[in-house]
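The next block holds one structure in the form of structure tokens; read it before the comments.
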Amino acid sequence: TAETLVEERVAFMAHYDNLTGLANRHLFNERLRTLVWRPDMAAKHIALFYLDLDDFKAINDTRGHIAGDMLLREVAERLAREVRGEDLVARLGGDEFAVLIETRAGDSLLIERAHRFLSVVREPYDLDGQAYRISTSIGVARCDGGDCNAEELLRRADLALYAAKKKGRDKMALFEPSLDRAARDRRQLESDLSGALALDQLKLDYQPIIDLDNGKTTGFEALLRWQHPRRGLIAPDEFLHVAEETGLILEIGEWVIRQALTQTSSWPGDFRIAINLSATQVKSKGLVEAVGRTIHDTRMAADRIELEITENVLLEESEQCLAALAKLRGLGVKIALDDFGTGYSSLQYIRCFPFDRIKIDKGFVENIVDDAGCQAIVSTITRLADSLGMETTAEGIETREQLDLLRKLGVQEAQGFLIARPQASPSTASDFDLAPVDGDGDDQQGAVVDYRKARKSALKRRGGKVA
């Protein structure tokens, strides 16, 4: 009867995903709890594969939600074809899937199964006649002989998925006890980071940048450091991802901009100050206003400020980010594209936005002396930048051979440990200890500059008090 059909439809909707026909989160949770609590499970094992599609949002943004739905249905069908009838494949919501199986397989077989899932997901998709590729990240966890409950298995799989995502796209990770320790450490790091600003634990170091023609200092890059009371000095790559994920990056990022401009506004001449921006900062509505306000408060010349972004900043919501960069450019600041050459879309982005500078990734510099391919790439980048009216800076220079070759290839500026390591600001150091680097011209000047003297003379000119 019609009433029976309605009841069956309601029952289906309560347990199955309307888009893909897979089990939904409700049915998945029911099945998981049933498996864990079954009396005979003490002699069996449960394995959970937790999948999250990589950058699925880009498909909806570029191809539309209809194409996104088509892809989700195809992913569901591919996963369903890879399991037995007694196994459960579920769509947990959005672009998250789960595969729940009973198995006695060891770790090696679970890893093999996860790689099979990675393989079937990465195969091309036909979306209205156009080929498209996507990948997934997978976390794998297991309950052996009833050693955990449903919530614990989910927690383990989630930790493994987080570990897989840290490796990059199209990766899997198997839960292991060390992930528990890492999670505890991360929670402690989050807690400590939330108070780091108030406790005055963050500081900026500055690394000089030199002109390869004459060896003179042209600018400095401001680099964030965290002086932790127990762990000591923590580098940004160890905590900035936590700041991004917790939202603290906006507060920290604004502090970096204000601190850098406050500390360097009294420095002499036309040295520029390079400051890194995160993706979250560029997307935030308050960035342009905050930069403008800080320029006004510190009386820093806008054309001495260079804001650096990486290609990753533009991967999502690129139109919004490019609009924000254009507004920043309207303030008079310069914009640089950092780590150039490492992404698939580098050429596209320099075509879309007139960057003032391209910073060549240190990966090319590291191998440039012995690798003809790296030499060809750097030479091409310098010629391309020159034709577009952009300047070039090479990062990560550690040997004289690298520096000499980069100069011959037409790179204009350089920074790296050969020239100087990042050092404290003039408030705590009398000058920057730079290795003497000769240019090609007659002026064989080293790059050392006494910034304490320069700061005093600048303050005198402005009528300020000299400390």
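In the structure tokens, the first chain shown is A, the next is B, and so on; residue numbers restart at 1 for each chain, and ligands run from 1 in the order shown.
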Residue list (strand (DSSP E or B), DSSP) for region 240-392 of chain A, as a ChimeraX atom specification: /A:272-276,305-310,334-340,357-360,391-392
How about saving the chosen residues, N, CA and C atoms kept, as a PDB file, in the first residue's frame?
ATOM      1  N   ARG A 272      63.951  46.941   2.997  1.00  0.00           N
ATOM      2  CA  ARG A 272      62.571  46.465   3.051  1.00  0.00           C
ATOM      3  C   ARG A 272      62.460  45.351   4.094  1.00  0.00           C
ATOM      4  N   ILE A 273      61.254  45.170   4.598  1.00  0.00           N
ATOM      5  CA  ILE A 273      60.978  44.155   5.602  1.00  0.00           C
ATOM      6  C   ILE A 273      59.967  43.175   5.022  1.00  0.00           C
ATOM      7  N   ALA A 274      60.365  41.917   4.921  1.00  0.00           N
ATOM      8  CA  ALA A 274      59.493  40.879   4.378  1.00  0.00           C
ATOM      9  C   ALA A 274      58.795  40.158   5.521  1.00  0.00           C
ATOM     10  N   ILE A 275      57.475  40.026   5.401  1.00  0.00           N
ATOM     11  CA  ILE A 275      56.648  39.401   6.438  1.00  0.00           C
ATOM     12  C   ILE A 275      55.777  38.330   5.784  1.00  0.00           C
ATOM     13  N   ASN A 276      55.759  37.149   6.369  1.00  0.00           N
ATOM     14  CA  ASN A 276      54.980  36.042   5.813  1.00  0.00           C
ATOM     15  C   ASN A 276      53.516  36.136   6.234  1.00  0.00           C
ATOM     16  N   ILE A 305      57.612  47.634   2.883  1.00  0.00           N
ATOM     17  CA  ILE A 305      56.993  46.413   3.395  1.00  0.00           C
ATOM     18  C   ILE A 305      56.751  45.452   2.234  1.00  0.00           C
ATOM     19  N   GLU A 306      57.179  44.205   2.420  1.00  0.00           N
ATOM     20  CA  GLU A 306      56.930  43.165   1.417  1.00  0.00           C
ATOM     21  C   GLU A 306      56.232  41.997   2.106  1.00  0.00           C
ATOM     22  N   LEU A 307      54.998  41.731   1.702  1.00  0.00           N
ATOM     23  CA  LEU A 307      54.218  40.649   2.284  1.00  0.00           C
ATOM     24  C   LEU A 307      54.365  39.410   1.410  1.00  0.00           C
ATOM     25  N   GLU A 308      54.757  38.303   2.025  1.00  0.00           N
ATOM     26  CA  GLU A 308      55.025  37.073   1.289  1.00  0.00           C
ATOM     27  C   GLU A 308      53.892  36.067   1.476  1.00  0.00           C
ATOM     28  N   ILE A 309      53.487  35.451   0.376  1.00  0.00           N
ATOM     29  CA  ILE A 309      52.545  34.345   0.440  1.00  0.00           C
ATOM     30  C   ILE A 309      53.119  33.167  -0.329  1.00  0.00           C
ATOM     31  N   THR A 310      52.652  31.958  -0.015  1.00  0.00           N
ATOM     32  CA  THR A 310      53.013  30.787  -0.802  1.00  0.00           C
ATOM     33  C   THR A 310      51.855  30.444  -1.721  1.00  0.00           C
ATOM     34  N   LYS A 334      54.483  45.898  -1.090  1.00  0.00           N
ATOM     35  CA  LYS A 334      54.872  44.974  -2.154  1.00  0.00           C
ATOM     36  C   LYS A 334      54.384  43.567  -1.796  1.00  0.00           C
ATOM     37  N   ILE A 335      54.159  42.757  -2.824  1.00  0.00           N
ATOM     38  CA  ILE A 335      53.680  41.388  -2.636  1.00  0.00           C
ATOM     39  C   ILE A 335      54.660  40.427  -3.307  1.00  0.00           C
ATOM     40  N   ALA A 336      55.080  39.393  -2.559  1.00  0.00           N
ATOM     41  CA  ALA A 336      56.021  38.400  -3.092  1.00  0.00           C
ATOM     42  C   ALA A 336      55.386  37.013  -3.060  1.00  0.00           C
ATOM     43  N   LEU A 337      55.722  36.197  -4.064  1.00  0.00           N
ATOM     44  CA  LEU A 337      55.282  34.804  -4.110  1.00  0.00           C
ATOM     45  C   LEU A 337      56.443  33.934  -3.651  1.00  0.00           C
ATOM     46  N   ASP A 338      56.286  33.314  -2.484  1.00  0.00           N
ATOM     47  CA  ASP A 338      57.353  32.535  -1.854  1.00  0.00           C
ATOM     48  C   ASP A 338      57.317  31.088  -2.341  1.00  0.00           C
ATOM     49  N   ASP A 339      58.449  30.387  -2.185  1.00  0.00           N
ATOM     50  CA  ASP A 339      58.574  28.968  -2.554  1.00  0.00           C
ATOM     51  C   ASP A 339      58.170  28.731  -4.000  1.00  0.00           C
ATOM     52  N   PHE A 340      58.511  29.649  -4.879  1.00  0.00           N
ATOM     53  CA  PHE A 340      58.070  29.541  -6.269  1.00  0.00           C
ATOM     54  C   PHE A 340      58.679  28.320  -6.941  1.00  0.00           C
ATOM     55  N   ARG A 357      57.813  40.283  -6.523  1.00  0.00           N
ATOM     56  CA  ARG A 357      59.005  39.446  -6.361  1.00  0.00           C
ATOM     57  C   ARG A 357      58.623  37.975  -6.390  1.00  0.00           C
ATOM     58  N   ILE A 358      59.514  37.178  -6.938  1.00  0.00           N
ATOM     59  CA  ILE A 358      59.411  35.724  -6.889  1.00  0.00           C
ATOM     60  C   ILE A 358      60.572  35.217  -6.037  1.00  0.00           C
ATOM     61  N   LYS A 359      60.260  34.423  -5.032  1.00  0.00           N
ATOM     62  CA  LYS A 359      61.301  33.828  -4.193  1.00  0.00           C
ATOM     63  C   LYS A 359      61.459  32.367  -4.605  1.00  0.00           C
ATOM     64  N   ILE A 360      62.604  32.052  -5.148  1.00  0.00           N
ATOM     65  CA  ILE A 360      62.870  30.716  -5.685  1.00  0.00           C
ATOM     66  C   ILE A 360      63.071  29.738  -4.529  1.00  0.00           C
ATOM     67  N   GLU A 391      61.099  40.894  -9.616  1.00  0.00           N
ATOM     68  CA  GLU A 391      62.451  40.640  -9.149  1.00  0.00           C
ATOM     69  C   GLU A 391      62.541  39.224  -8.586  1.00  0.00           C
ATOM     70  N   THR A 392      63.761  38.717  -8.434  1.00  0.00           N
ATOM     71  CA  THR A 392      63.953  37.349  -7.958  1.00  0.00           C
ATOM     72  C   THR A 392      64.881  37.312  -6.748  1.00  0.00           C
TER      73      THR A 392
END
Please identify all polymer residues within 10 Å of Glu244 (chain A), counting only C-alpha atoms, omitting same-chain residues fewer than 6 positions from it, and present them as a compact mmCIF listing (two decimals) with N, CA and C atoms, in the first residue's frame.
# COMPACT_ATOMS: atom_id res chain seq x y z
N LEU A 250 45.29 34.27 13.40
CA LEU A 250 44.91 35.65 13.12
C LEU A 250 45.49 36.61 14.15
N ILE A 252 48.06 35.95 16.18
CA ILE A 252 49.52 35.88 16.09
C ILE A 252 50.01 36.62 14.85
N SER A 278 49.80 33.91 6.23
CA SER A 278 49.20 32.59 6.09
C SER A 278 47.93 32.67 5.24
N ALA A 279 47.44 31.50 4.83
CA ALA A 279 46.21 31.46 4.04
C ALA A 279 45.04 32.03 4.83
N THR A 280 44.97 31.71 6.11
CA THR A 280 43.87 32.19 6.95
C THR A 280 43.90 33.71 7.04
N GLN A 281 45.08 34.28 7.16
CA GLN A 281 45.18 35.74 7.23
C GLN A 281 44.69 36.39 5.94
With only C-alpha atoms as the counted atoms, please give the residues lying no more than 12 Å from Leu240 (chain A), apart from itself and same-chain residues fewer than 5 positions off, as a compact mmCIF listing (two decimals) with C-alpha atoms, in the first residue's frame.
# COMPACT_ATOMS: atom_id res chain seq x y z
CA ARG A 186 49.49 18.54 20.45
CA LEU A 189 50.95 22.67 22.57
CA GLU A 190 47.55 24.20 21.77
CA LEU A 193 50.25 28.52 22.43
CA SER A 194 46.99 30.18 23.48
CA LEU A 202 56.90 35.02 20.94
CA LEU A 223 60.85 35.14 11.15
CA LEU A 224 58.65 34.11 14.06
CA ARG A 225 60.09 32.16 17.00
CA TRP A 226 58.51 30.80 20.19
CA ILE A 234 60.42 26.27 18.93
CA ALA A 235 60.63 26.87 15.17
CA GLU A 245 43.83 24.89 12.95
CA THR A 246 42.83 26.60 16.20
CA GLY A 247 42.28 30.07 14.72
CA LEU A 248 45.09 31.60 16.78
CA ILE A 249 46.92 32.46 13.57
CA LEU A 250 44.91 35.65 13.12
CA GLU A 251 45.94 37.07 16.47
CA ILE A 252 49.52 35.88 16.09
CA GLY A 253 49.72 37.09 12.50
CA ASN A 276 54.98 36.04 5.81
CA LEU A 277 51.20 35.78 5.57
CA SER A 278 49.20 32.59 6.09
CA ALA A 279 46.21 31.46 4.04
CA THR A 280 43.87 32.19 6.95
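CA of Arg73 (chain A) lies 14.7 Å from CA of Thr136 (chain A).
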Any idea what's packed within 8 Å of region 17-25 of chain A, counting only C-alpha atoms, ignoring anything in its chain fewer than 6 positions away? Could you give it as a short mmCIF file (atom, residue, chain, number, x, y, z; two decimals) with C-alpha atoms, in the first residue's frame?
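Printed below is selection.cif as written:
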data_model
loop_
_atom_site.label_atom_id
_atom_site.label_comp_id
_atom_site.auth_asym_id
_atom_site.auth_seq_id
_atom_site.Cartn_x
_atom_site.Cartn_y
_atom_site.Cartn_z
CA ASP A 69 27.50 15.08 -6.19
CA LEU A 72 30.60 11.45 -4.50
CA ARG A 73 28.27 8.86 -6.01
CA ALA A 76 30.71 5.41 -3.19
CA GLU A 77 30.27 2.88 -6.02
CA LEU A 88 29.83 -2.01 5.62
CA VAL A 89 30.61 1.07 3.55
CA ALA A 90 29.14 4.31 4.88
CA ARG A 91 29.07 7.96 3.98
CA LEU A 92 29.49 9.75 7.28
CA GLY A 93 28.71 13.14 5.79
#
Helix (DSSP H, G or I) per DSSP on the backbone: members of region 12-54 of chain A, as a list in words: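 Written out, the helix (DSSP H, G or I) residues of region 12-54 of chain A are Phe12, Met13, Ala14, His15, Arg25, His26, Leu27, Phe28, Asn29, Glu30, Arg31, Leu32, Arg33, Thr34, Leu35, Val36, Trp37, Pro39, Asp40, Met41, Ala42 and Ala43 of chain A.
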Kindly save the residues from that selection, with C-alpha atoms included, as a PDB file, in the first residue's frame.
ATOM      1  CA  PHE A  12      15.461   3.865   4.324  1.00  0.00           C
ATOM      2  CA  MET A  13      16.108   7.572   4.861  1.00  0.00           C
ATOM      3  CA  ALA A  14      16.776   6.933   8.541  1.00  0.00           C
ATOM      4  CA  HIS A  15      19.557   4.462   7.789  1.00  0.00           C
ATOM      5  CA  ARG A  25      26.270   7.752  10.051  1.00  0.00           C
ATOM      6  CA  HIS A  26      23.317   6.485  12.110  1.00  0.00           C
ATOM      7  CA  LEU A  27      23.444   2.975  10.624  1.00  0.00           C
ATOM      8  CA  PHE A  28      27.232   2.974  10.766  1.00  0.00           C
ATOM      9  CA  ASN A  29      27.205   3.753  14.496  1.00  0.00           C
ATOM     10  CA  GLU A  30      24.558   1.065  15.126  1.00  0.00           C
ATOM     11  CA  ARG A  31      26.578  -1.538  13.242  1.00  0.00           C
ATOM     12  CA  LEU A  32      29.809  -0.571  14.966  1.00  0.00           C
ATOM     13  CA  ARG A  33      28.304  -0.794  18.446  1.00  0.00           C
ATOM     14  CA  THR A  34      26.730  -4.146  17.575  1.00  0.00           C
ATOM     15  CA  LEU A  35      30.023  -5.579  16.365  1.00  0.00           C
ATOM     16  CA  VAL A  36      31.985  -4.361  19.368  1.00  0.00           C
ATOM     17  CA  TRP A  37      29.521  -5.711  21.920  1.00  0.00           C
ATOM     18  CA  PRO A  39      29.874 -11.918  22.685  1.00  0.00           C
ATOM     19  CA  ASP A  40      31.834 -13.743  19.969  1.00  0.00           C
ATOM     20  CA  MET A  41      33.912 -10.672  19.051  1.00  0.00           C
ATOM     21  CA  ALA A  42      36.480 -11.494  21.730  1.00  0.00           C
ATOM     22  CA  ALA A  43      37.920 -13.957  19.248  1.00  0.00           C
TER      23      ALA A  43
END
Exercise: region 398-411 of chain A partners within 7 Å, only C-alpha atoms, chain neighbours under 4 positions left out, as a PyMOL selection string: chain A and resi 212+365+368-369+379+382+392-394+416-418
Within 8 Å of region 48-53 of chain A using only C-alpha atoms, minus same-chain residues under 5 positions, as number ranges by chain: A: 95-101, 114, 134-142, 153-154, 157-158, 161
Which residue of A:Asp213, A:Asp371, A:Glu151, A:Glu289 approaches Glu254 (chain A) most closely, using only C-alpha atoms: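 Answer, going by the shortest atom-to-atom distance: A:Glu289.
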For Ala420 (chain A), the nearest of the candidates A:Ile209, A:Leu174, A:Ala160, A:Ala376, counting only C-alpha atoms: A:Ile209
